[in-house]
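*Asks:* Have a look at this one.
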Amino acid sequence: MEHMGIEPGRLHFSWISSAEATKFVDVVNEVTAAVKALGPNKNFLKTEARVA
Amino acid sequence: MLAYIDKIKEISNRLLKEGKVDMVIGFRKGTVPMMNEPCFVKTPEDIENFVWDSNCGINLANYLTNRKEKIGIVAKGCDSRNIVTHVIENKIKRDQLVIIGVPCKGMIDRHKIEAIFETEIQDVVEADDKIIVKGQGLEKTFSKKDVLQDNCALCIHRNPVIYDELVGEPVEEQKDLDRYEDVRKIESMSPEEKWRYFDDLLSTCIRCYACRNACPLCYCPTCFVDESRPQWVGKSIDPIDTRTFHFLRAYHCAGRCTDCGACERACPMGIKVRMFTKKLEKDCLELFDWEAGLTLEERPPLDTYRPDDPDDFIK
């Protein structure tokens with residue numbers, strides 16, 4: 001995804017066990033903070049079909 | 001390279017007459033120059049149709065999928081690697097095949113020649129390492145190495161990796177090539193530039209799916225782009241849909257692509273489709289030390305688990 005122009009930090013991968021509630025919260029906070037910092041996604045966004 | 005044809009015919013003839021195979025897959029002359037087409041020969045009389053020159057770029061492994069009969073197949077280096085991939089993925093059994101290996105010195109890129117040549121091309125003749133192109137009242141001679149397909153110029157597996165008969169002495173493999181200069185160039189771009197680069201690259205795509213159809217890896221009974229319940233991706237030529245198609249297709253080829261160049265060759269618009277698959281090919285080499293289709297003995301990295309698989313991207 002990054003190779004074709006999605007900013008680093010927009011896409012996150014994480015492995016969290018169902019027993020790791022605190023890790024889940026931390027990850028969600030981290031991801032939201034990182035994505036908010038990047039601002040709204042402008043690329044790879046499909047708007048309504050354009051009529052010619 | 002042109003001399004291979006006698007040997008190809010001789011072997012095909014023997015295989016068919018002895019009943020070792022039900023058909024031989026090779027190439028015959030196409031209806032327009034530089035477009036040789038696949039040819040399925042079932043009787044010794046038809047063997048005369050076979051040709052071999054520098055226009056045999058189509059990957060014949062594409063025609064083996066789920067075949068039941070015994071098949072003789074003409075295979076260049078890249079074809080042979082895709083045959084290995086087919087065997088690994090259970091699309092054909094090794095003992096169904098008699099592989100007629102052809103050492104290859106590269107195929108010529110019709111897009112390149114068409115771009116240099118002003119008029120319609122009527123005939124293309126080959127002599128040694130020269131390509132003579134004839135058009136209306138015009139004749140030009142090219143050196144073959146100047147009009148090679150991009151992937152052939154960077155090929156490091158010209159000799160078949162698997163074969164039962166070889167039509168000629170193995171050719172010298174190219175060494176010390178910088179195979180990923182173009183990928184590194186994209187990697188060094190900023191996200192904005194990358195986005196624009198691929199936007200530009202795909203701007204002429206008409207979603208004809210020729211790249212997919214030419215690809216020996218794309219054998220799914222229903223391709224994700226043709227699926228309508230659910231519909232994974234829009235069917236329009238909206239740039240986002242087009243991009244989704246291309247990069248998802250590339251992902252489906254990760255760890256399987258042999259960089260045979262069939263996709264790029266098939267593209268009627270001359271899009272460098274390989275710029276998607278090549279990144280994944282490079283990653284596979286760097287992360288898993290893997291090149292697709294070299295051996296029947298080892299499973300590809302994406303269908304095996306190893307405790308030391310790279311996982312730095314998972315937090």
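Ligands are numbered from 1 in the order shown, residues from 1 within each chain, and chains are lettered A, B, ... in the order they appear in the structure tokens.
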Give the residues of chain B that lie within 12 Å of chain A; count only C-alpha atoms, and format the answer as a PyMOL selection string.
*Replies:* chain B and resi 183-202+233-244+246-248+250-251+275-280+283+311-315
*Asks:* I'd like the contact shell of range 4-7 of chain B - 8 Å cut-off, only C-alpha atoms, skipping same-chain residues fewer than 4 positions apart - returned as a VMD selection string.
*Replies:* chain B and resid 11 50 to 52 102 167 to 168
*Asks:* Write down as a VMD selection string the residues belonging to chain A that are assigned alpha helix (DSSP H) by DSSP computed on the backbone.
*Replies:* chain A and resid 21 to 38
*Asks:* Quick one: residues within 9 Å of Lys144 in chain B, only C-alpha atoms counted, chain neighbours fewer than 6 positions away excluded, as an MDAnalysis selection string?
*Replies:* chainID B and resid 54 106:108 126 128:131
